[in-house]
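Quick look at work29.cif (mmCIF, C-alpha atoms):
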```
data_protein
loop_
_atom_site.label_atom_id
_atom_site.label_comp_id
_atom_site.auth_asym_id
_atom_site.auth_seq_id
_atom_site.Cartn_x
_atom_site.Cartn_y
_atom_site.Cartn_z
CA MET A 1 6.58 44.28 -21.49
CA LYS A 2 3.85 45.47 -23.79
CA ASN A 3 1.95 48.56 -22.87
CA THR A 4 -1.61 47.19 -22.73
CA PHE A 5 -4.67 47.73 -20.60
CA ILE A 6 -5.88 44.37 -19.30
CA GLU A 7 -9.66 44.12 -19.32
CA THR A 8 -10.39 41.98 -16.30
CA ALA A 9 -13.84 40.92 -15.09
CA ARG A 10 -13.86 43.81 -12.61
CA VAL A 11 -13.13 46.33 -15.34
CA MET A 12 -16.10 44.99 -17.30
CA THR A 13 -18.34 45.21 -14.22
CA PHE A 14 -17.17 48.78 -13.59
CA ARG A 15 -17.95 49.82 -17.18
CA GLU A 16 -21.35 48.13 -17.14
CA SER A 17 -22.32 49.67 -13.78
CA ALA A 18 -21.08 53.12 -14.81
CA GLY A 19 -23.10 52.82 -18.01
CA VAL A 20 -26.24 51.96 -16.03
CA VAL A 21 -25.73 54.85 -13.58
CA ALA A 22 -25.11 57.26 -16.47
CA ASP A 23 -28.43 56.22 -18.02
CA THR A 24 -30.40 56.88 -14.83
CA VAL A 25 -33.09 59.52 -15.32
CA LYS A 26 -33.06 62.74 -13.31
CA GLY A 27 -34.76 62.33 -9.96
CA GLN A 28 -33.66 58.73 -9.55
CA PRO A 29 -30.70 57.81 -7.35
CA GLY A 30 -27.48 57.63 -9.36
CA PHE A 31 -24.53 57.18 -7.02
CA MET A 32 -22.04 54.42 -7.72
CA VAL A 33 -19.22 53.23 -5.50
CA ALA A 34 -16.09 51.33 -6.49
CA TRP A 35 -13.87 50.21 -3.67
CA GLY A 36 -10.89 47.98 -3.13
CA LEU A 37 -7.49 47.96 -1.47
CA ALA A 38 -4.50 49.79 -2.92
CA GLY A 39 -3.00 48.37 -6.10
CA ARG A 40 -6.16 46.66 -7.32
CA GLY A 41 -6.55 48.78 -10.47
CA LYS A 42 -9.32 51.17 -9.38
CA THR A 43 -7.59 54.34 -10.49
CA ILE A 44 -6.37 53.07 -13.85
CA CYS A 45 -9.84 51.62 -14.53
CA SER A 46 -11.62 54.88 -13.70
CA LYS A 47 -9.10 56.90 -15.74
CA GLU A 48 -9.56 54.58 -18.68
CA TYR A 49 -13.35 54.89 -18.36
CA ASN A 50 -13.04 58.67 -18.32
CA VAL A 51 -10.84 58.72 -21.43
CA ARG A 52 -13.16 56.46 -23.43
CA THR A 53 -16.36 58.22 -22.26
CA PRO A 54 -16.52 61.82 -23.48
CA GLY A 55 -19.36 62.82 -21.13
CA SER A 56 -17.43 62.21 -17.92
CA VAL A 57 -15.21 64.22 -15.61
CA TYR A 58 -12.36 62.69 -13.60
CA ILE A 59 -11.38 64.36 -10.33
CA ARG A 60 -8.61 63.16 -8.00
CA VAL A 61 -9.46 64.16 -4.45
CA PHE A 62 -6.60 65.82 -2.57
CA GLU A 63 -6.05 65.49 1.15
CA ASP A 64 -7.78 68.11 3.33
CA TRP A 65 -9.88 69.54 0.53
CA THR A 66 -12.41 72.09 1.69
CA PRO A 67 -15.82 72.10 -0.02
CA ARG A 68 -14.83 75.27 -1.91
CA ALA A 69 -11.62 73.67 -3.20
CA MET A 70 -13.52 70.57 -4.30
CA LEU A 71 -16.32 72.46 -6.07
CA ALA A 72 -13.83 74.84 -7.70
CA LYS A 73 -11.83 71.89 -9.03
CA ILE A 74 -14.96 70.27 -10.49
CA CYS A 75 -15.91 73.63 -12.05
CA ASN A 76 -12.42 73.99 -13.47
CA GLU A 77 -12.57 70.55 -15.07
CA ILE A 78 -16.00 71.24 -16.56
CA ASN A 79 -15.70 74.78 -17.90
CA GLY A 80 -12.33 76.18 -16.84
CA MET A 81 -13.74 78.52 -14.16
CA VAL A 82 -12.38 78.67 -10.60
CA PRO A 83 -15.14 80.28 -8.50
CA GLY A 84 -14.07 81.72 -5.17
CA ARG A 85 -17.25 80.96 -3.20
CA ILE A 86 -19.16 77.75 -2.51
CA ASP A 87 -22.57 79.09 -3.57
CA ARG A 88 -21.17 80.57 -6.79
CA ALA A 89 -19.32 77.34 -7.63
CA LYS A 90 -22.41 75.28 -6.97
CA SER A 91 -24.71 77.46 -9.08
CA VAL A 92 -22.19 77.43 -11.97
CA LEU A 93 -21.93 73.65 -11.70
CA ILE A 94 -25.69 73.15 -11.62
CA GLU A 95 -26.16 75.44 -14.62
CA GLU A 96 -23.39 73.71 -16.57
CA LEU A 97 -24.52 70.16 -15.71
CA ASP A 98 -28.14 71.01 -16.55
CA ARG A 99 -26.95 72.11 -19.98
CA HIS A 100 -24.55 69.21 -20.58
CA PRO A 101 -25.09 66.29 -18.15
CA ARG A 102 -21.84 64.53 -17.26
CA THR A 103 -20.73 61.69 -15.04
CA ILE A 104 -18.48 62.87 -12.20
CA ILE A 105 -15.81 60.37 -11.13
CA MET A 106 -14.24 61.15 -7.74
CA ASP A 107 -11.05 59.13 -7.26
CA GLU A 108 -9.54 58.72 -3.76
CA ALA A 109 -13.06 59.45 -2.46
CA ASP A 110 -12.20 58.02 0.97
CA ARG A 111 -10.43 61.35 1.58
CA LEU A 112 -13.72 63.27 1.18
CA THR A 113 -15.22 64.69 4.33
CA ASN A 114 -18.90 64.23 5.12
CA SER A 115 -19.50 67.84 4.20
CA ASN A 116 -17.93 67.32 0.76
CA ILE A 117 -20.09 64.24 0.16
CA GLU A 118 -23.19 66.27 1.09
CA HIS A 119 -22.22 68.90 -1.50
CA LEU A 120 -21.94 66.15 -4.09
CA ARG A 121 -25.39 64.93 -3.08
CA ASP A 122 -26.75 68.44 -3.64
CA ILE A 123 -25.29 68.52 -7.13
CA HIS A 124 -26.64 65.07 -7.88
CA ASP A 125 -30.12 65.91 -6.60
CA GLU A 126 -30.31 69.19 -8.49
CA THR A 127 -28.92 68.02 -11.82
CA GLY A 128 -29.30 64.25 -11.87
CA ALA A 129 -25.61 63.97 -12.80
CA PRO A 130 -24.39 60.50 -11.83
CA ILE A 131 -21.52 60.42 -9.34
CA ILE A 132 -18.97 57.61 -9.08
CA LEU A 133 -16.98 57.43 -5.85
CA VAL A 134 -13.76 55.43 -6.11
CA GLY A 135 -11.72 54.69 -3.01
CA GLU A 136 -10.47 52.33 -0.35
CA PRO A 137 -12.93 50.22 1.70
CA SER A 138 -12.96 52.83 4.51
CA LEU A 139 -15.36 54.71 2.24
CA TYR A 140 -18.02 52.11 3.07
CA GLY A 141 -18.33 53.16 6.70
CA ARG A 142 -18.56 56.82 5.78
CA LEU A 143 -21.34 56.22 3.28
CA THR A 144 -23.42 53.77 5.32
CA SER A 145 -23.31 56.04 8.36
CA ARG A 146 -25.40 58.58 6.43
CA ARG A 147 -28.59 56.96 5.30
CA ARG A 148 -29.52 59.75 2.89
CA ILE A 149 -26.31 59.11 0.95
CA TRP A 150 -26.31 55.32 1.18
CA GLU A 151 -29.88 55.17 -0.18
CA ARG A 152 -28.72 56.91 -3.32
CA VAL A 153 -26.00 54.33 -3.99
CA THR A 154 -27.45 51.95 -6.55
CA ARG A 155 -24.33 50.14 -7.74
CA VAL A 156 -21.25 48.89 -5.94
CA VAL A 157 -18.21 47.40 -7.66
CA GLU A 158 -15.61 45.70 -5.54
CA PHE A 159 -12.04 45.55 -6.79
CA GLY A 160 -11.01 42.32 -5.13
CA PRO A 161 -7.66 40.52 -5.25
CA VAL A 162 -6.08 39.43 -8.52
CA GLN A 163 -7.57 36.20 -9.85
CA THR A 164 -5.72 33.29 -11.46
CA GLU A 165 -7.25 34.00 -14.88
CA ASP A 166 -6.18 37.66 -14.62
CA VAL A 167 -2.59 36.51 -14.16
CA MET A 168 -2.81 34.24 -17.20
CA ILE A 169 -4.38 36.96 -19.37
CA PHE A 170 -1.79 39.49 -18.15
CA GLY A 171 1.05 37.11 -18.99
CA ARG A 172 -0.28 36.39 -22.45
CA LYS A 173 -1.26 39.93 -23.45
CA ALA A 174 1.51 41.99 -21.84
CA CYS A 175 4.52 39.64 -21.98
CA ASP A 176 3.61 36.99 -24.59
CA LEU A 177 4.15 34.36 -21.89
CA MET A 178 2.04 31.30 -21.24
CA VAL A 179 1.70 31.13 -17.46
CA LEU A 180 0.68 27.59 -16.51
CA PRO A 181 -2.33 27.35 -14.14
CA GLU A 182 -0.36 26.08 -11.11
CA ALA A 183 2.23 28.81 -11.68
CA ALA A 184 -0.58 31.38 -11.87
CA VAL A 185 -1.94 30.18 -8.51
CA GLU A 186 1.52 30.63 -6.96
CA LEU A 187 1.85 34.09 -8.50
CA VAL A 188 -1.52 35.13 -6.99
CA LYS A 189 -0.20 34.04 -3.58
CA ARG A 190 3.05 35.90 -4.06
CA CYS A 191 1.51 39.19 -5.18
CA GLN A 192 -1.01 39.16 -2.30
CA GLY A 193 -3.82 40.13 -4.66
CA SER A 194 -2.16 43.36 -5.81
CA PHE A 195 -1.81 44.18 -9.50
CA ARG A 196 1.07 46.50 -8.69
CA LEU A 197 3.10 43.67 -7.16
CA LEU A 198 2.07 41.32 -9.94
CA TYR A 199 3.46 43.79 -12.48
CA HIS A 200 6.88 43.74 -10.80
CA LEU A 201 6.88 39.94 -10.61
CA MET A 202 5.99 39.73 -14.29
CA VAL A 203 8.87 42.05 -15.19
CA ASP A 204 11.24 39.63 -13.43
CA LEU A 205 9.62 36.64 -15.11
CA GLU A 206 9.78 38.25 -18.54
CA ARG A 207 13.53 38.88 -18.11
CA GLN A 208 14.13 35.29 -17.05
CA ALA A 209 12.03 33.91 -19.89
CA ARG A 210 13.90 36.04 -22.42
CA ALA A 211 17.28 34.96 -21.04
CA ASN A 212 16.30 31.28 -21.11
CA LYS A 213 14.39 31.60 -24.40
CA VAL A 214 11.21 30.02 -23.06
CA GLN A 215 7.58 30.92 -23.63
CA GLU A 216 5.96 28.85 -20.88
CA ILE A 217 6.21 29.74 -17.21
CA PRO A 218 6.16 26.63 -15.00
CA LEU A 219 5.73 26.53 -11.22
CA ASP A 220 9.50 26.00 -10.61
CA MET A 221 10.29 29.31 -12.24
CA ILE A 222 7.94 31.14 -9.88
CA LYS A 223 9.39 29.37 -6.86
CA ALA A 224 12.90 30.35 -7.96
CA LEU A 225 11.95 34.05 -8.06
CA PRO A 226 13.87 35.98 -5.42
CA ASN A 227 11.87 37.82 -2.79
CA ARG A 228 12.58 41.47 -3.48
CA ARG A 229 10.49 42.80 -0.59
CA ILE A 230 12.24 41.20 2.37
CA ALA A 231 11.68 42.43 5.88
CA PRO A 232 14.62 44.17 7.58
CA THR A 233 17.01 41.78 9.27
CA PRO A 234 16.92 42.31 13.04
CA GLU A 235 20.25 43.65 14.24
CA LYS A 236 21.99 41.54 16.85
CA GLU A 237 23.38 43.04 20.00
CA PRO A 238 27.18 43.02 19.87
CA LYS A 239 28.67 40.44 22.22
CA ARG A 240 30.64 41.86 25.14
CA MET B 1 -7.50 68.68 -48.39
CA ILE B 2 -7.30 70.85 -51.55
CA LYS B 3 -8.39 74.36 -50.67
CA SER B 4 -10.44 76.31 -53.17
CA PRO B 5 -8.73 79.66 -53.94
CA ALA B 6 -12.11 81.43 -54.13
CA THR B 7 -13.11 80.06 -50.73
CA GLU B 8 -9.81 81.20 -49.19
CA MET B 9 -10.26 84.67 -50.71
CA VAL B 10 -13.79 85.00 -49.38
CA LYS B 11 -12.69 83.68 -45.99
CA ASN B 12 -9.94 86.31 -45.74
CA TYR B 13 -12.26 89.05 -46.91
CA ALA B 14 -14.97 88.05 -44.44
CA ALA B 15 -12.41 87.79 -41.61
CA VAL B 16 -11.26 91.34 -42.20
CA ASN B 17 -14.71 92.88 -42.73
CA GLY B 18 -16.69 90.96 -40.11
CA THR B 19 -19.91 90.85 -42.14
CA VAL B 20 -20.22 90.20 -45.87
CA ARG B 21 -22.80 90.08 -48.67
CA MET B 22 -22.57 87.87 -51.75
CA THR B 23 -23.04 90.75 -54.22
CA GLU B 24 -20.35 92.80 -52.51
CA VAL B 25 -17.89 89.88 -52.63
CA ARG B 26 -18.66 89.25 -56.31
CA GLN B 27 -18.06 92.88 -57.26
CA ILE B 28 -14.93 93.48 -55.17
CA MET B 29 -13.16 90.14 -55.69
CA GLY B 30 -14.07 89.84 -59.35
CA ILE B 31 -15.07 86.18 -59.13
CA THR B 32 -18.00 84.45 -60.81
CA ASN B 33 -21.41 83.92 -59.25
CA GLU B 34 -20.83 80.13 -59.11
CA GLN B 35 -17.54 80.61 -57.28
CA VAL B 36 -19.18 82.92 -54.74
CA LEU B 37 -22.04 80.46 -54.13
CA TYR B 38 -19.56 77.58 -53.76
CA ALA B 39 -17.34 79.57 -51.38
CA PHE B 40 -20.25 80.69 -49.19
CA ASP B 41 -21.63 77.17 -49.10
CA ASN B 42 -18.23 75.78 -48.06
CA LEU B 43 -17.68 78.39 -45.35
CA LYS B 44 -21.20 77.85 -43.95
CA LYS B 45 -20.50 74.11 -43.73
CA GLN B 46 -17.16 74.75 -42.00
CA GLY B 47 -18.91 77.05 -39.53
CA HIS B 48 -16.93 80.16 -40.51
CA LEU B 49 -20.00 81.99 -41.88
CA ARG B 50 -23.28 82.43 -40.04
CA ARG B 51 -26.34 83.95 -41.67
CA VAL B 52 -27.56 86.96 -39.67
CA SER B 53 -30.24 88.32 -42.01
CA HIS B 54 -31.34 88.11 -45.65
CA GLY B 55 -28.13 88.01 -47.73
CA LEU B 56 -25.93 89.12 -44.84
CA TYR B 57 -23.36 86.77 -43.31
CA GLN B 58 -21.16 87.15 -40.24
CA PHE B 59 -17.65 85.71 -39.98
CA VAL B 60 -16.96 83.34 -37.06
CA ASP B 61 -13.25 83.03 -36.29
CA THR B 62 -13.58 80.29 -33.62
CA VAL B 63 -15.12 77.05 -34.87
CA GLU B 64 -15.43 73.64 -33.28
CA LYS B 65 -14.04 70.99 -35.57
CA PRO B 66 -15.49 67.46 -35.52
CA PRO B 67 -13.44 65.53 -32.96
CA ILE B 68 -10.87 62.95 -34.05
CA GLU B 69 -11.38 60.11 -31.59
CA VAL B 70 -7.74 59.25 -30.90
CA LEU B 71 -6.65 62.86 -30.49
CA ASP B 72 -9.62 63.53 -28.26
CA LYS B 73 -8.65 60.57 -26.09
CA ILE B 74 -5.02 61.71 -25.93
CA TRP B 75 -6.11 65.17 -24.76
CA ARG B 76 -8.48 63.72 -22.16
CA ALA B 77 -5.77 61.35 -20.89
CA MET B 78 -3.29 64.23 -20.59
CA LYS B 79 -5.88 66.39 -18.83
CA ILE B 80 -6.52 63.88 -16.05
CA SER B 81 -2.86 63.00 -15.50
CA GLY B 82 -0.62 65.37 -13.55
CA SER B 83 2.67 64.27 -15.08
CA PHE B 84 2.61 61.54 -17.65
CA SER B 85 4.74 59.46 -19.99
CA ALA B 86 3.95 58.63 -23.59
CA THR B 87 3.39 54.96 -22.68
CA GLU B 88 0.82 55.87 -20.02
CA ILE B 89 -1.09 58.09 -22.42
CA ALA B 90 -0.92 55.42 -25.14
CA LYS B 91 -2.37 52.88 -22.72
CA LEU B 92 -5.21 55.14 -21.61
CA ALA B 93 -6.00 56.43 -25.10
CA ASP B 94 -5.82 52.98 -26.66
CA SER B 95 -3.16 54.14 -29.11
CA THR B 96 0.48 53.29 -29.84
CA THR B 97 3.48 54.84 -28.06
CA SER B 98 5.05 55.92 -31.36
CA TYR B 99 1.91 57.82 -32.40
CA VAL B 100 1.68 59.49 -28.98
CA TYR B 101 5.38 60.52 -29.26
CA LYS B 102 4.62 62.01 -32.66
CA ARG B 103 1.77 64.06 -31.17
CA PHE B 104 3.96 65.04 -28.20
CA ARG B 105 6.57 66.50 -30.55
CA ALA B 106 3.90 68.68 -32.15
CA TYR B 107 2.38 69.66 -28.80
CA LYS B 108 5.82 70.57 -27.43
CA ALA B 109 6.48 72.77 -30.46
CA ASP B 110 3.11 74.48 -29.93
CA GLY B 111 3.91 75.01 -26.24
CA PHE B 112 1.13 72.80 -24.90
CA ILE B 113 3.38 70.39 -22.97
CA ARG B 114 6.77 70.61 -21.29
CA GLU B 115 9.24 68.07 -19.97
CA ALA B 116 8.84 67.17 -16.29
CA GLY B 117 11.79 64.90 -15.55
CA LEU B 118 12.69 61.27 -16.09
CA ARG B 119 11.37 58.08 -14.54
CA PRO B 120 13.16 54.74 -14.43
CA THR B 121 11.43 51.93 -16.27
CA PHE B 122 11.89 48.32 -15.37
CA GLY B 123 14.49 46.91 -17.67
CA SER B 124 14.67 49.57 -20.38
CA GLY B 125 16.36 52.54 -18.72
CA THR B 126 14.30 55.70 -18.30
CA GLU B 127 11.32 57.39 -19.87
CA LYS B 128 10.52 61.07 -20.19
CA LEU B 129 7.74 62.58 -18.14
CA TRP B 130 5.64 65.45 -19.44
CA ARG B 131 3.24 67.97 -17.98
CA LEU B 132 0.61 70.25 -19.53
CA THR B 133 1.59 73.93 -19.63
CA LYS B 134 -0.87 76.72 -18.82
CA ASN B 135 -1.69 77.00 -22.54
CA GLY B 136 -2.02 73.23 -22.70
CA LYS B 137 -4.50 73.18 -19.83
CA GLU B 138 -6.59 75.81 -21.62
CA LYS B 139 -6.41 73.87 -24.87
CA ALA B 140 -7.37 70.64 -23.06
CA GLN B 141 -10.70 72.22 -22.09
CA ASN B 142 -11.72 72.41 -25.76
CA PRO B 143 -9.14 70.62 -27.92
CA ASN B 144 -11.31 70.76 -31.03
CA ILE B 145 -11.85 74.49 -31.09
CA GLU B 146 -9.79 76.21 -33.77
CA THR B 147 -9.30 79.94 -34.08
CA TRP B 148 -8.56 81.19 -37.57
CA THR B 149 -6.79 84.44 -38.33
CA PRO B 150 -6.17 85.77 -41.85
CA GLU B 151 -2.66 86.00 -43.33
CA PRO B 152 -0.97 89.31 -42.39
CA ILE B 153 -0.49 90.27 -46.06
CA ASN B 154 -4.19 89.71 -46.82
CA LEU B 155 -5.22 91.65 -43.77
CA ALA B 156 -2.89 94.53 -44.69
CA CYS B 157 -4.14 94.56 -48.30
CA LEU B 158 -7.77 94.79 -47.29
CA ASN B 159 -7.04 97.43 -44.66
CA LEU B 160 -5.13 99.44 -47.25
CA ALA B 161 -7.97 99.13 -49.76
CA ARG B 162 -10.44 100.25 -47.12
CA LEU B 163 -8.33 103.27 -46.12
CA VAL B 164 -7.64 104.38 -49.72
CA CYS B 165 -10.97 103.58 -51.39
CA SER B 166 -13.03 105.25 -48.68
CA GLY B 167 -10.94 108.42 -49.05
CA VAL B 168 -10.04 108.47 -45.34
CA ALA B 169 -6.30 108.23 -46.11
CA ALA B 170 -6.50 111.26 -48.40
CA ARG B 171 -8.20 113.40 -45.76
CA SER B 172 -6.22 112.65 -42.59
CA LYS B 173 -2.46 112.60 -42.04
CA GLU B 174 -2.78 109.89 -39.37
CA MET B 175 -4.77 107.64 -41.67
CA ALA B 176 -2.30 108.26 -44.50
CA MET B 177 0.52 107.09 -42.20
CA GLU B 178 -1.55 104.03 -41.30
CA ALA B 179 -2.08 103.29 -45.00
CA LEU B 180 1.69 103.55 -45.57
CA ALA B 181 2.32 101.09 -42.71
CA GLN B 182 -0.10 98.66 -44.29
CA LEU B 183 1.61 99.17 -47.63
CA GLU B 184 4.97 98.31 -46.03
CA ILE B 185 3.54 95.00 -44.76
CA VAL B 186 2.25 94.20 -48.25
CA LYS B 187 5.58 95.18 -49.82
CA LYS B 188 7.57 93.03 -47.39
CA GLY B 189 5.23 90.06 -47.92
CA LEU B 190 5.59 90.31 -51.72
CA GLU B 191 9.38 90.68 -51.49
CA ASP B 192 9.52 87.49 -49.39
CA VAL B 193 7.54 85.66 -52.10
CA ILE B 194 9.93 86.92 -54.81
CA ASP B 195 12.99 85.89 -52.76
CA GLU B 196 11.56 82.39 -52.21
CA LYS B 197 10.93 81.92 -55.94
#
```
Write the structure described by the file as structure tokens, please.
Amino acid sequence: MKNTFIETARVMTFRESAGVVADTVKGQPGFMVAWGLAGRGKTICSKEYNVRTPGSVYIRVFEDWTPRAMLAKICNEINGMVPGRIDRAKSVLIEELDRHPRTIIMDEADRLTNSNIEHLRDIHDETGAPIILVGEPSLYGRLTSRRRIWERVTRVVEFGPVQTEDVMIFGRKACDLMVLPEAAVELVKRCQGSFRLLYHLMVDLERQARANKVQEIPLDMIKALPNRRIAPTPEKEPKR
Amino acid sequence: MIKSPATEMVKNYAAVNGTVRMTEVRQIMGITNEQVLYAFDNLKKQGHLRRVSHGLYQFVDTVEKPPIEVLDKIWRAMKISGSFSATEIAKLADSTTSYVYKRFRAYKADGFIREAGLRPTFGSGTEKLWRLTKNGKEKAQNPNIETWTPEPINLACLNLARLVCSGVAARSKEMAMEALAQLEIVKKGLEDVIDEK
């Protein structure tokens, strides 16, 4: 399988929205949210955006982060400092972001506590630095429950389930395989909307196609794929 | 890039002395006025010389080079990934795996990355995982900043000249010993050159 980044419609929407939020002038709300279930490509998309956009900082939120740990990590990513106090970290961040405005991308943002989100709001209000929160849909409830935060969210990108055209593009670009439309529909059903599962199915398909020397993937081939994620077989009680 | 010998000489001289004047360089190095002007112009463009007052220039050892897009992307991709494989970095940096491997070899030799185990790949065995070292994490903050230090033989030569020409070495035993140490470095450097030839 080729090592390529597949630019789906959601990736394009993410880039466009992030570009708009990054252009927002200071004083205007500039929060962006990207949510979706696990395996939908949120993390790889935000990482890719960070790598191609020099003025951005990517932070992966760790479980049980205190505000000090979060602010110190952002500081560390921006200028290499690890301040020991919240106020010091915040003042360093504000000073640094005033000098060089950057977009802050917080991945796994559903792990952030309300207090952490409030600290991010402070930084955003003081510096105008756009903040992108990436996480699972549980983030929605946390943000909407606080009106002051939700009002600052101007863009939302939803990473929904894999689409039929995504499967066809993935097959063509990554495996040089022509997945027929009906086969693509079946693959979408099988992978339950997850890119991660689709990847594993495509690895199987690529092997089969190589062994059979075929370029087209028909529906029969998908149906013949073994289920590799079977539920455990219930154990029977031994007969007495 | 072909380096101008005059520029390299002036760069070494400025690195040792800290601040330099054009007239002083012309007299001590014995190079023409045109060569001095060319060298100063080059070093100002490179960011190694900064004008501090009329005719006086300060040497800057740490300069920020213009970023090379692919390398910049590779560094950013490594910075945001805890442990990573060459294929992952190639995907994020929009480069090829072979080029990333080539860079990894150089980064490993420089001590910026270290191996962090193996990961099975689907169908092709295993792939190596890497991690940034402490030095690598520092470098990732500013990958384009380059610190320049003069060659030890040049540094020793200029130190020796300073100690002898100023008369300090003739007046103090300690300074005379220091001058001898510098002379040893110069001698060893020249012997190495002769052996190589």
Within 6 Å of chain A, which residues of chain B show up? Give each one with its shortest atom-to-atom distance in Å (one decimal) and the two atoms involved, counting all atoms listed in the file, rows by chain then rising residue number, as a Markdown table.
```
| residue | atom | partner | partner_atom | distance |
| --- | --- | --- | --- | --- |
| B:Lys73 | CA | A:Val51 | CA | 5.5 |
| B:Arg76 | CA | A:Val51 | CA | 5.6 |
| B:Ala77 | CA | A:Val51 | CA | 5.7 |
| B:Lys91 | CA | A:Thr4 | CA | 5.7 |
| B:Leu92 | CA | A:Glu48 | CA | 5.3 |
```
Nearest to Gly47 in chain B among B:Thr126, B:Val16, B:Leu190, B:Thr147, with distances taken over only C-alpha atoms: which residue is it?
-> B:Thr147
Can you list, as a PyMOL selection string, every protein, DNA or RNA residue that comes within 10 Å of Thr13 in chain A when you count only C-alpha atoms, leaving out same-chain residues fewer than 3 positions away?
-> chain A and resi 8-10+16-19+156-159
Which distance in Å separates CA of Thr32 in chain B and CA of Tyr13 in chain B, to one decimal?
-> 15.7 Å
Quick one: everything within 9 Å of Ser194 in chain A, counting all atoms listed in the file, minus sequence neighbours fewer than 6 positions away in the same chain. Send it as a ChimeraX atom specification.
-> /A:37-41,160-162,188
Separating CA of Pro218 in chain A from CA of Phe170 in chain A, to the nearest tenth of an Å, is a gap of 15.4 Å
Determine the residue membership of the PyMOL selection byres ((chain A and resi 21) around 10) for the file above and supply it as a VMD selection string.
-> chain A and resid 15 to 20 22 to 25 28 to 32 103 129 to 132 153 to 155
If you apply the PyMOL selection byres ((chain B and resi 9) around 10) to this file, what residues do you get, as an mmCIF file with C-alpha atoms, in the coordinates of the input?
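Resulting contents of selection-v1.cif:
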```cif
data_model
loop_
_atom_site.group_PDB
_atom_site.id
_atom_site.type_symbol
_atom_site.label_atom_id
_atom_site.label_comp_id
_atom_site.auth_asym_id
_atom_site.auth_seq_id
_atom_site.Cartn_x
_atom_site.Cartn_y
_atom_site.Cartn_z
ATOM 1 C CA SER B 4 -10.440 76.310 -53.170
ATOM 2 C CA PRO B 5 -8.730 79.660 -53.940
ATOM 3 C CA ALA B 6 -12.110 81.430 -54.130
ATOM 4 C CA THR B 7 -13.110 80.060 -50.730
ATOM 5 C CA GLU B 8 -9.810 81.200 -49.190
ATOM 6 C CA VAL B 10 -13.790 85.000 -49.380
ATOM 7 C CA LYS B 11 -12.690 83.680 -45.990
ATOM 8 C CA ASN B 12 -9.940 86.310 -45.740
ATOM 9 C CA TYR B 13 -12.260 89.050 -46.910
ATOM 10 C CA ALA B 14 -14.970 88.050 -44.440
ATOM 11 C CA ALA B 15 -12.410 87.790 -41.610
ATOM 12 C CA VAL B 25 -17.890 89.880 -52.630
ATOM 13 C CA MET B 29 -13.160 90.140 -55.690
ATOM 14 C CA ILE B 31 -15.070 86.180 -59.130
ATOM 15 C CA VAL B 36 -19.180 82.920 -54.740
ATOM 16 C CA ALA B 39 -17.340 79.570 -51.380
ATOM 17 C CA PRO B 150 -6.170 85.770 -41.850
ATOM 18 C CA ASN B 154 -4.190 89.710 -46.820
#
```
Check what the PyMOL selection byres ((chain A and resi 68) around 12) selects in the file above and give those residues as a PyMOL selection string.
-> chain A and resi 64-67+69-76+82-90+115-116+119-120
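You will find CA of Asp72 in chain B at 28.1 Å from CA of Phe195 in chain A.
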Any idea what's packed within 12 Å of Arg148 in chain A, counting only C-alpha atoms, ignoring anything in its chain fewer than 2 positions away? Could you give it as number ranges by chain?
-> A: 29, 31, 114, 117-118, 121-122, 125, 142-146, 150-153
Is it possible to get the axis-aligned box enclosing range 88-104 of chain A (all listed atoms, 8 Å extra per side) as JSON, with centre and edge lengths in Å rounded to one decimal?
```
{"center_x": -23.3, "center_y": 71.1, "center_z": -13.7, "size_x": 25.7, "size_y": 34.9, "size_z": 29.8}
```
For Val134 in chain A, work out the shell of residues within 10 Å, counting all atoms listed in the file and skipping chain neighbours fewer than 3 positions away, then give it as a count of residues only.
-> 22
So which residues touch Gly117 in chain B within 12 Å, counting all atoms listed in the file, skipping near sequence neighbours fewer than 3 positions away, as a count of residues only?
-> 11
